[in-house]
>>> print(open('work39.csv').read())   # CSV, C-alpha atoms
chain,number,residue,atom,x,y,z
A,1,MET,CA,-100.0,53.4,-52.9
A,2,ALA,CA,-97.0,53.2,-50.6
A,3,LEU,CA,-99.0,51.1,-48.1
A,4,ARG,CA,-100.0,48.7,-50.8
A,5,LEU,CA,-96.4,48.5,-52.2
A,6,ALA,CA,-95.4,47.7,-48.6
A,7,ARG,CA,-98.0,44.9,-48.4
A,8,GLY,CA,-99.9,46.8,-45.7
A,9,ALA,CA,-96.9,47.3,-43.4
A,10,GLU,CA,-97.3,50.9,-42.2
A,11,ASP,CA,-93.8,51.4,-40.9
A,12,GLU,CA,-92.3,50.2,-44.2
A,13,ALA,CA,-94.8,52.4,-46.2
A,14,ARG,CA,-93.7,55.4,-44.1
A,15,GLU,CA,-90.0,54.7,-44.8
A,16,LEU,CA,-90.9,54.3,-48.5
A,17,VAL,CA,-92.6,57.6,-48.7
A,18,GLN,CA,-89.7,59.4,-46.9
A,19,GLU,CA,-87.1,57.8,-49.1
A,20,THR,CA,-89.1,58.6,-52.2
A,21,TRP,CA,-89.3,62.2,-51.3
A,22,VAL,CA,-85.6,62.4,-50.6
A,23,ARG,CA,-84.8,60.8,-53.9
A,24,ALA,CA,-87.3,63.0,-55.7
A,25,VAL,CA,-85.8,66.1,-54.3
A,26,GLU,CA,-82.3,64.9,-55.2
A,27,GLY,CA,-83.3,64.0,-58.7
A,28,LEU,CA,-85.6,66.9,-59.4
A,29,GLU,CA,-83.0,68.7,-61.4
A,30,GLY,CA,-82.9,65.7,-63.8
A,31,PHE,CA,-86.6,65.8,-64.4
A,32,ARG,CA,-87.2,66.8,-68.0
A,33,TRP,CA,-91.0,66.7,-68.3
A,34,GLU,CA,-90.7,63.8,-70.6
A,35,SER,CA,-93.3,62.2,-68.4
A,36,SER,CA,-95.8,63.8,-66.1
A,37,LEU,CA,-94.5,64.8,-62.7
A,38,ARG,CA,-96.8,62.2,-61.1
A,39,THR,CA,-95.6,59.4,-63.3
A,40,TRP,CA,-92.0,60.4,-62.5
A,41,LEU,CA,-92.7,60.4,-58.8
A,42,VAL,CA,-94.3,57.1,-58.9
A,43,SER,CA,-91.4,55.7,-60.9
A,44,VAL,CA,-89.1,56.9,-58.1
A,45,ALA,CA,-91.3,55.2,-55.5
A,46,MET,CA,-91.3,52.0,-57.5
A,47,ASN,CA,-87.5,52.0,-57.6
A,48,VAL,CA,-87.3,52.7,-53.9
A,49,ALA,CA,-89.7,49.9,-53.1
A,50,ARG,CA,-87.8,47.5,-55.3
A,51,GLU,CA,-84.5,48.3,-53.7
A,52,ARG,CA,-85.9,48.0,-50.2
A,53,ALA,CA,-87.4,44.7,-51.0
A,54,ARG,CA,-84.1,43.4,-52.3
A,55,TRP,CA,-82.2,44.6,-49.3
A,56,ALA,CA,-84.7,43.0,-47.0
A,57,GLY,CA,-84.4,39.7,-49.0
A,58,ARG,CA,-88.0,39.7,-49.9
A,59,GLU,CA,-88.7,38.3,-53.3
A,60,THR,CA,-91.7,36.8,-55.0
A,61,PRO,CA,-91.6,33.1,-54.6
A,62,VAL,CA,-90.6,31.2,-57.7
A,63,GLY,CA,-92.9,28.8,-59.3
A,64,ASP,CA,-96.1,30.6,-59.8
A,65,PRO,CA,-97.4,28.0,-62.2
A,66,VAL,CA,-98.5,29.4,-65.5
A,67,GLY,CA,-102.2,29.6,-65.9
A,68,ASN,CA,-103.2,28.4,-62.5
A,69,VAL,CA,-105.5,31.2,-61.6
A,70,GLU,CA,-108.9,30.1,-60.6
A,71,MET,CA,-111.7,32.3,-62.0
A,72,PRO,CA,-114.4,32.9,-59.5
A,73,PRO,CA,-117.6,34.1,-60.8
A,74,GLY,CA,-118.2,37.9,-61.0
A,75,VAL,CA,-121.0,37.6,-58.4
A,76,GLY,CA,-120.6,36.7,-54.8
A,77,ARG,CA,-120.2,38.9,-51.8
A,78,SER,CA,-122.8,41.6,-51.6
A,79,THR,CA,-120.5,43.8,-49.5
A,80,VAL,CA,-116.7,43.9,-49.4
A,81,GLU,CA,-114.8,45.5,-46.6
A,82,PRO,CA,-112.0,47.7,-47.7
A,83,ILE,CA,-109.7,46.1,-45.1
A,84,ASP,CA,-110.4,42.7,-46.6
A,85,LEU,CA,-109.8,44.0,-50.1
A,86,GLY,CA,-106.5,45.6,-49.0
A,87,ARG,CA,-105.3,42.4,-47.4
A,88,ALA,CA,-106.2,40.5,-50.6
A,89,ILE,CA,-104.2,43.0,-52.6
A,90,ASP,CA,-101.3,42.8,-50.2
A,91,ALA,CA,-101.2,39.1,-50.6
A,92,LEU,CA,-100.7,39.3,-54.4
A,93,PRO,CA,-97.3,38.4,-55.9
A,94,ASP,CA,-95.3,41.6,-56.6
A,95,GLY,CA,-95.9,41.8,-60.3
A,96,TYR,CA,-99.7,41.4,-60.0
A,97,ARG,CA,-99.9,43.8,-57.0
A,98,LYS,CA,-98.0,46.6,-58.7
A,99,VAL,CA,-100.1,46.5,-61.8
A,100,LEU,CA,-103.4,46.3,-59.9
A,101,VAL,CA,-102.4,49.2,-57.6
A,102,LEU,CA,-101.2,51.3,-60.4
A,103,HIS,CA,-104.3,50.7,-62.6
A,104,ASP,CA,-107.2,50.2,-60.2
A,105,LEU,CA,-106.2,52.4,-57.3
A,106,GLU,CA,-104.0,55.0,-58.9
A,107,GLY,CA,-105.7,55.2,-62.3
A,108,PHE,CA,-102.6,54.8,-64.6
A,109,THR,CA,-103.2,53.5,-68.1
A,110,HIS,CA,-101.6,50.3,-69.3
A,111,GLU,CA,-99.3,52.2,-71.5
A,112,GLU,CA,-98.1,54.3,-68.4
A,113,ILE,CA,-97.8,51.1,-66.3
A,114,GLY,CA,-95.8,49.5,-69.1
A,115,GLU,CA,-93.3,52.4,-69.0
A,116,LEU,CA,-93.2,52.4,-65.2
A,117,LEU,CA,-92.5,48.7,-64.9
A,118,GLY,CA,-90.6,48.2,-68.2
A,119,VAL,CA,-93.1,45.8,-69.7
A,120,ALA,CA,-95.4,45.8,-72.7
A,121,ALA,CA,-98.8,47.3,-72.2
A,122,GLY,CA,-100.3,43.9,-73.1
A,123,THR,CA,-98.5,42.3,-70.2
A,124,SER,CA,-99.9,44.9,-67.9
A,125,LYS,CA,-103.4,44.2,-69.2
A,126,SER,CA,-103.1,40.4,-68.7
A,127,GLN,CA,-101.5,40.8,-65.3
A,128,LEU,CA,-104.3,43.1,-64.2
A,129,HIS,CA,-107.0,40.6,-64.9
A,130,ARG,CA,-105.0,37.8,-63.3
A,131,ALA,CA,-104.5,40.0,-60.3
A,132,ARG,CA,-108.2,40.8,-60.0
A,133,ALA,CA,-109.0,37.1,-60.3
A,134,ARG,CA,-106.7,36.3,-57.4
A,135,VAL,CA,-108.1,39.0,-55.3
A,136,ARG,CA,-111.6,37.8,-55.8
A,137,ALA,CA,-110.5,34.2,-55.1
A,138,ARG,CA,-109.0,35.3,-51.8
A,139,LEU,CA,-112.0,37.3,-50.9
A,140,THR,CA,-114.2,34.3,-51.6
A,141,VAL,CA,-112.0,32.1,-49.5
A,142,GLY,CA,-112.1,34.7,-46.7
A,143,GLU,CA,-115.9,34.8,-46.9
A,144,GLY,CA,-115.9,31.0,-46.1
A,145,GLY,CA,-113.7,31.6,-43.0
A,146,ALA,CA,-110.8,29.6,-44.4
A,147,ARG,CA,-108.4,32.5,-44.7
B,1,MET,CA,-110.6,27.0,-64.7
B,2,SER,CA,-113.5,27.8,-66.9
B,3,ASP,CA,-114.0,25.7,-70.1
B,4,GLN,CA,-114.6,29.0,-71.9
B,5,THR,CA,-111.1,30.1,-71.1
B,6,PRO,CA,-109.1,30.4,-74.3
B,7,PRO,CA,-105.9,28.4,-74.1
B,8,ASN,CA,-103.8,31.4,-74.8
B,9,GLY,CA,-106.0,34.1,-73.4
B,10,VAL,CA,-106.4,35.7,-70.0
B,11,PRO,CA,-110.1,35.9,-69.1
B,12,ARG,CA,-111.4,39.4,-68.4
B,13,VAL,CA,-112.3,40.0,-64.8
B,14,GLU,CA,-114.3,43.0,-63.9
B,15,TRP,CA,-115.0,44.2,-60.4
B,16,THR,CA,-118.4,43.7,-58.9
B,17,GLU,CA,-120.3,46.7,-57.5
B,18,ALA,CA,-119.3,45.7,-53.9
B,19,GLU,CA,-115.6,45.3,-54.9
B,20,ARG,CA,-115.6,48.6,-56.7
B,21,ALA,CA,-117.1,50.3,-53.7
B,22,ALA,CA,-114.4,48.8,-51.5
B,23,LEU,CA,-111.8,50.0,-53.9
B,24,ASP,CA,-113.2,53.5,-53.8
B,25,ARG,CA,-113.0,53.5,-50.1
B,26,LEU,CA,-109.4,52.2,-50.2
B,27,ARG,CA,-108.5,54.9,-52.6
B,28,ALA,CA,-110.1,57.6,-50.5
B,29,ALA,CA,-108.1,56.7,-47.4
B,30,GLY,CA,-105.4,59.3,-47.2
B,31,PRO,CA,-101.9,59.1,-45.6
B,32,PRO,CA,-101.6,59.4,-41.8
B,33,ALA,CA,-101.6,63.0,-40.6
B,34,ASP,CA,-98.1,62.9,-39.3
B,35,LEU,CA,-96.5,61.6,-42.5
B,36,GLU,CA,-95.8,65.0,-43.9
B,37,GLU,CA,-93.9,66.0,-40.8
B,38,ALA,CA,-91.9,62.7,-41.0
B,39,VAL,CA,-91.1,63.5,-44.7
B,40,VAL,CA,-89.8,66.9,-43.8
B,41,VAL,CA,-87.7,65.5,-41.0
B,42,ALA,CA,-86.2,62.9,-43.4
B,43,LEU,CA,-85.4,65.6,-45.9
B,44,ALA,CA,-83.8,67.8,-43.3
B,45,ALA,CA,-81.8,64.9,-41.9
B,46,ARG,CA,-80.4,64.3,-45.4
B,47,GLY,CA,-79.6,67.9,-45.8
B,48,ARG,CA,-82.0,68.2,-48.7
B,49,ILE,CA,-83.8,71.3,-47.4
B,50,ALA,CA,-81.7,74.4,-48.0
B,51,SER,CA,-81.9,77.3,-45.5
B,52,SER,CA,-82.6,80.8,-46.7
B,53,GLY,CA,-78.8,81.5,-46.7
B,54,GLY,CA,-78.1,78.5,-48.9
B,55,GLY,CA,-76.9,76.3,-46.1
B,56,VAL,CA,-78.5,73.0,-45.0
B,57,GLY,CA,-79.9,71.4,-42.0
B,58,ASP,CA,-81.8,74.2,-40.3
B,59,MET,CA,-85.2,72.8,-39.8
B,60,ARG,CA,-87.0,75.8,-38.5
B,61,VAL,CA,-86.3,78.2,-41.2
B,62,PRO,CA,-86.6,76.1,-44.3
B,63,ARG,CA,-89.5,74.0,-43.2
B,64,ARG,CA,-92.1,76.5,-44.4
B,65,ARG,CA,-90.4,76.6,-47.8
B,66,ALA,CA,-90.3,72.8,-48.0
B,67,LEU,CA,-93.9,72.5,-47.0
B,68,GLY,CA,-94.9,75.0,-49.6
B,69,TRP,CA,-93.1,73.0,-52.3
B,70,ALA,CA,-94.6,69.8,-50.9
B,71,VAL,CA,-98.1,71.3,-51.0
B,72,LEU,CA,-97.6,72.4,-54.7
B,73,ALA,CA,-96.3,69.0,-55.6
B,74,ALA,CA,-99.1,67.3,-53.7
B,75,ALA,CA,-101.6,69.5,-55.5
B,76,ALA,CA,-100.1,68.5,-58.9
B,77,CYS,CA,-100.3,64.9,-57.9
B,78,LEU,CA,-103.8,65.2,-56.7
B,79,ALA,CA,-104.9,66.8,-60.0
B,80,ALA,CA,-103.2,64.1,-61.9
B,81,PHE,CA,-104.6,61.5,-59.6
B,82,LEU,CA,-108.1,62.7,-60.1
B,83,ALA,CA,-107.6,62.7,-63.9
B,84,GLY,CA,-106.2,59.2,-63.6
B,85,ARG,CA,-109.3,58.1,-61.7
B,86,ALA,CA,-111.5,59.4,-64.5
B,87,ILE,CA,-109.5,57.6,-67.1
B,88,SER,CA,-109.7,54.4,-65.0
B,89,ASP,CA,-113.4,54.7,-64.4
B,90,ARG,CA,-114.1,55.4,-68.1
B,91,GLY,CA,-112.0,52.5,-69.1
B,92,ALA,CA,-113.7,50.0,-66.8
B,93,GLY,CA,-115.4,47.2,-68.7
B,94,VAL,CA,-113.7,47.7,-72.0
B,95,GLU,CA,-110.4,46.0,-71.3
B,96,PRO,CA,-109.8,43.5,-74.0
B,97,THR,CA,-108.7,40.0,-73.3
B,98,VAL,CA,-105.0,39.8,-74.1
B,99,ALA,CA,-103.6,36.8,-75.8
B,100,MET,CA,-100.6,35.5,-74.0
B,101,GLY,CA,-98.1,33.0,-75.2
B,102,THR,CA,-95.9,30.7,-73.2
B,103,TYR,CA,-92.3,30.7,-74.2
B,104,MET,CA,-89.3,28.6,-73.1
B,105,ILE,CA,-85.8,30.1,-73.0
B,106,LEU,CA,-83.4,27.1,-73.3
B,107,LEU,CA,-80.0,27.6,-71.9
B,108,TYR,CA,-77.1,25.8,-73.7
B,109,GLU,CA,-73.5,25.4,-72.7
B,110,ASP,CA,-70.8,24.7,-75.3
B,111,ALA,CA,-67.0,25.2,-75.4
B,112,SER,CA,-67.3,28.9,-75.2
B,113,TYR,CA,-69.3,28.8,-72.0
B,114,ARG,CA,-67.3,30.0,-69.0
B,115,ALA,CA,-68.5,27.5,-66.3
B,116,PRO,CA,-68.2,28.4,-62.7
B,117,ALA,CA,-65.0,26.8,-61.3
B,118,THR,CA,-66.1,26.1,-57.7
B,119,PRO,CA,-69.3,25.2,-55.9
B,120,GLU,CA,-69.4,28.7,-54.4
B,121,ALA,CA,-69.1,30.2,-57.9
B,122,HIS,CA,-71.8,27.9,-59.1
B,123,ALA,CA,-74.1,29.0,-56.3
B,124,ALA,CA,-73.4,32.6,-57.1
B,125,ARG,CA,-74.3,32.0,-60.7
B,126,VAL,CA,-77.6,30.4,-59.7
B,127,ARG,CA,-78.3,33.4,-57.6
B,128,GLU,CA,-77.5,35.7,-60.5
B,129,TYR,CA,-79.9,33.9,-62.7
B,130,ALA,CA,-82.6,33.9,-60.0
B,131,ALA,CA,-82.2,37.6,-59.4
B,132,TRP,CA,-82.6,38.3,-63.1
B,133,ALA,CA,-85.9,36.3,-63.0
B,134,ALA,CA,-87.0,38.0,-59.8
B,135,ASP,CA,-86.5,41.4,-61.5
B,136,LEU,CA,-88.8,40.3,-64.3
B,137,ARG,CA,-91.4,39.1,-61.9
B,138,GLU,CA,-91.2,42.4,-60.1
B,139,ARG,CA,-92.1,44.0,-63.5
B,140,GLY,CA,-95.1,41.8,-63.7
B,141,ILE,CA,-93.8,39.0,-66.0
B,142,GLU,CA,-94.6,35.5,-65.0
B,143,ILE,CA,-91.4,33.5,-65.2
B,144,ARG,CA,-89.8,30.6,-63.6
B,145,GLY,CA,-86.7,28.6,-64.3
B,146,GLU,CA,-84.8,25.5,-63.4
B,147,GLU,CA,-81.3,24.1,-63.7
B,148,LEU,CA,-81.2,20.6,-65.3
B,149,ASP,CA,-79.3,17.7,-63.8
B,150,PRO,CA,-76.2,17.3,-66.0
B,151,ALA,CA,-76.4,13.5,-65.7
B,152,GLY,CA,-77.7,12.1,-68.9
B,153,ALA,CA,-77.4,15.3,-70.8
B,154,LEU,CA,-77.0,15.0,-74.6
B,155,GLU,CA,-74.9,17.4,-76.6
B,156,GLY,CA,-76.7,19.1,-79.4
B,157,PRO,CA,-75.6,21.7,-82.0
B,158,ALA,CA,-75.7,24.5,-79.4
B,159,GLY,CA,-74.1,22.5,-76.7
B,160,VAL,CA,-75.5,20.8,-73.7
B,161,LEU,CA,-79.0,21.9,-72.5
B,162,SER,CA,-78.3,23.0,-68.9
B,163,GLY,CA,-81.5,24.9,-67.9
B,164,PHE,CA,-84.5,26.7,-68.9
B,165,PHE,CA,-86.8,29.6,-68.1
B,166,LEU,CA,-90.6,29.4,-68.8
B,167,LEU,CA,-92.3,32.7,-69.2
B,168,GLU,CA,-95.6,34.2,-70.3
B,169,VAL,CA,-95.6,37.2,-72.5
B,170,PRO,CA,-97.9,38.6,-75.2
B,171,SER,CA,-95.5,38.2,-78.2
B,172,ALA,CA,-92.5,36.3,-79.6
B,173,GLU,CA,-90.8,39.7,-79.9
B,174,GLU,CA,-91.1,40.3,-76.2
B,175,ALA,CA,-89.8,36.8,-75.5
B,176,ASP,CA,-86.8,37.4,-77.7
B,177,GLU,CA,-86.2,40.8,-76.1
B,178,ILE,CA,-86.2,39.2,-72.7
B,179,ALA,CA,-84.0,36.3,-73.9
B,180,ARG,CA,-81.4,38.8,-75.0
B,181,THR,CA,-81.0,39.9,-71.4
B,182,VAL,CA,-80.5,36.4,-69.8
B,183,PRO,CA,-77.2,36.5,-67.8
B,184,HIS,CA,-76.3,33.2,-69.4
B,185,LEU,CA,-75.2,35.1,-72.4
B,186,ARG,CA,-72.7,37.1,-70.4
B,187,HIS,CA,-71.0,33.9,-69.5
B,188,GLY,CA,-70.6,32.7,-73.0
B,189,GLY,CA,-73.7,30.5,-73.1
B,190,THR,CA,-76.2,30.2,-75.8
B,191,VAL,CA,-80.0,30.7,-75.5
B,192,VAL,CA,-82.8,29.5,-77.7
B,193,VAL,CA,-86.4,30.7,-77.5
B,194,ARG,CA,-89.2,28.3,-78.3
B,195,ARG,CA,-92.9,28.8,-78.1
B,196,VAL,CA,-94.9,26.3,-76.1
B,197,VAL,CA,-97.8,24.8,-78.0
B,198,GLU,CA,-101.0,25.0,-76.0
B,199,HIS,CA,-103.4,22.1,-76.3
>>> encode(input="work39.csv", output="structure tokens")
Amino acid sequence: MALRLARGAEDEARELVQETWVRAVEGLEGFRWESSLRTWLVSVAMNVARERARWAGRETPVGDPVGNVEMPPGVGRSTVEPIDLGRAIDALPDGYRKVLVLHDLEGFTHEEIGELLGVAAGTSKSQLHRARARVRARLTVGEGGAR
Amino acid sequence: MSDQTPPNGVPRVEWTEAERAALDRLRAAGPPADLEEAVVVALAARGRIASSGGGVGDMRVPRRRALGWAVLAAAACLAAFLAGRAISDRGAGVEPTVAMGTYMILLYEDASYRAPATPEAHAARVREYAAWAADLRERGIEIRGEELDPAGALEGPAGVLSGFFLLEVPSAEEADEIARTVPHLRHGGTVVVRRVVEH
């Protein structure tokens, strides 16, 4: 998950994991089992990732026009290389990427994702499908050699 | 965009078999072998691993304890992770299409608005608003905003329209909730939320 949060940058992912562990150890006394330990740890990781992105001046570009996602058909490549899929996920805007990673890679429910990201579960659902559409679009472009 | 796409709906997109197989392989890829060691070093460097005598910083003595804790936590995470996968797999294919609405948050300035006094202060305020929007985007909400050219602005009941944010959320309630956090309000401005009609 850290690797995907860091857009595939291994060094950044390593720093993210280390800082998450430090924060988790520091904050463990404050953990009250109001959520699962896993959800709590992921929330720590998400906060660390957000802070590191801010310090580094990385932000999602403004002006993602509403409703511009192309919807490629659900058929296409007979095989998909994990490295291509990973790159397509890494190229997603922050919001899409986090929802897709949390749901499709980490198995969180939309309700849990809503709590983690501070959004409604419905937003998580819609973002997931937009994210999948973007990933597929990128994979399709990649197949044509235009990536 | 497909003609079947509802104007306010997000089409459901399910993974193909090939995409799902690639996801499974991505999921199965574990962290690098030396990452655990690096984490322990980081914890020791911050003095977060207590020695047996209650002190900090001795890597050789506390490391086994830290690793023991790490293994326990990792096991808990793994169990939860596997449970999560089961939920995810079971849920695949039944995600409902979610109706989304486009809303506009209009920013007005009247006599109570505390306008920035200098170009630098103005730039700082623009950055403040942009950071607020960026934070929402990080949380998965599509939002963009613009400042309007004051030239030709007409004064309405709520003052002069000076900017807007356009966002996409599932409900008017969520749009209102977000509107209440616009930094414009902290500076004495007024915000109005309107739903955009989709044709």
>>> residues_around(input="work39.csv", residues="Leu41 of chain A", least_positions_apart="3", cutoff="8 Å", atoms="only C-alpha atoms", output="PDB file with C-alpha atoms, in the coordinates of the input")
ATOM      1  CA  THR A  20     -89.100  58.600 -52.200  1.00  0.00           C
ATOM      2  CA  ALA A  24     -87.300  63.000 -55.700  1.00  0.00           C
ATOM      3  CA  LEU A  37     -94.500  64.800 -62.700  1.00  0.00           C
ATOM      4  CA  ARG A  38     -96.800  62.200 -61.100  1.00  0.00           C
ATOM      5  CA  VAL A  44     -89.100  56.900 -58.100  1.00  0.00           C
ATOM      6  CA  ALA A  45     -91.300  55.200 -55.500  1.00  0.00           C
TER       7      ALA A  45
END
>>> residues_around(input="work39.csv", residues="Met46 of chain A", least_positions_apart="4", cutoff="10 Å", atoms="all atoms listed in the file", output="list in words")
Met1, Ala2, Leu5, Leu16, Thr20, Trp40, Leu41, Val42, Arg50, Glu51, Arg52, Lys98, Leu116 and Leu117 of chain A; Glu138 of chain B
>>> atom_distance(input="work39.csv", atom1="atom CA of Arg194 of chain B", atom2="atom CA of Tyr103 of chain B")
5.7 Å
>>> residues_around(input="work39.csv", residues="Ala38 of chain B", least_positions_apart="5", cutoff="12 Å", atoms="only C-alpha atoms", output="PyMOL selection string")
(chain A and resi 11+13-19+21-22) or (chain B and resi 31-33+43-45+63+67)
>>> closest_residue(input="work39.csv", among="B:Arg125, B:Gly140, B:Ile105, B:Leu161", to="Leu100 of chain A", atoms="all atoms listed in the file")
B:Gly140
>>> atom_distance(input="work39.csv", atom1="atom CA of Glu173 of chain B", atom2="atom CA of Val10 of chain B")
18.9 Å
>>> atom_distance(input="work39.csv", atom1="atom CA of Ala133 of chain A", atom2="atom CA of Trp15 of chain B")
9.3 Å
>>> residues_around(input="work39.csv", residues="Ala115 of chain B", least_positions_apart="3", cutoff="9 Å", atoms="only C-alpha atoms", output="number ranges by chain")
B: 109, 121-122, 187-188
>>> closest_residue(input="work39.csv", among="B:Leu185, B:Leu107, B:Val196, B:Val39", to="chain A", atoms="all atoms listed in the file")
B:Val39
>>> residues_around(input="work39.csv", residues="Val182 of chain B", least_positions_apart="6", cutoff="12 Å", atoms="only C-alpha atoms", output="VMD selection string")
chain B and resid 105 to 108 125 128 to 133 135 to 136 145 163 to 165 175 to 176 188 to 193
>>> closest_residue(input="work39.csv", among="B:Arg114, B:Arg127, B:Arg139, B:Arg20", to="chain A", atoms="only C-alpha atoms")
B:Arg139
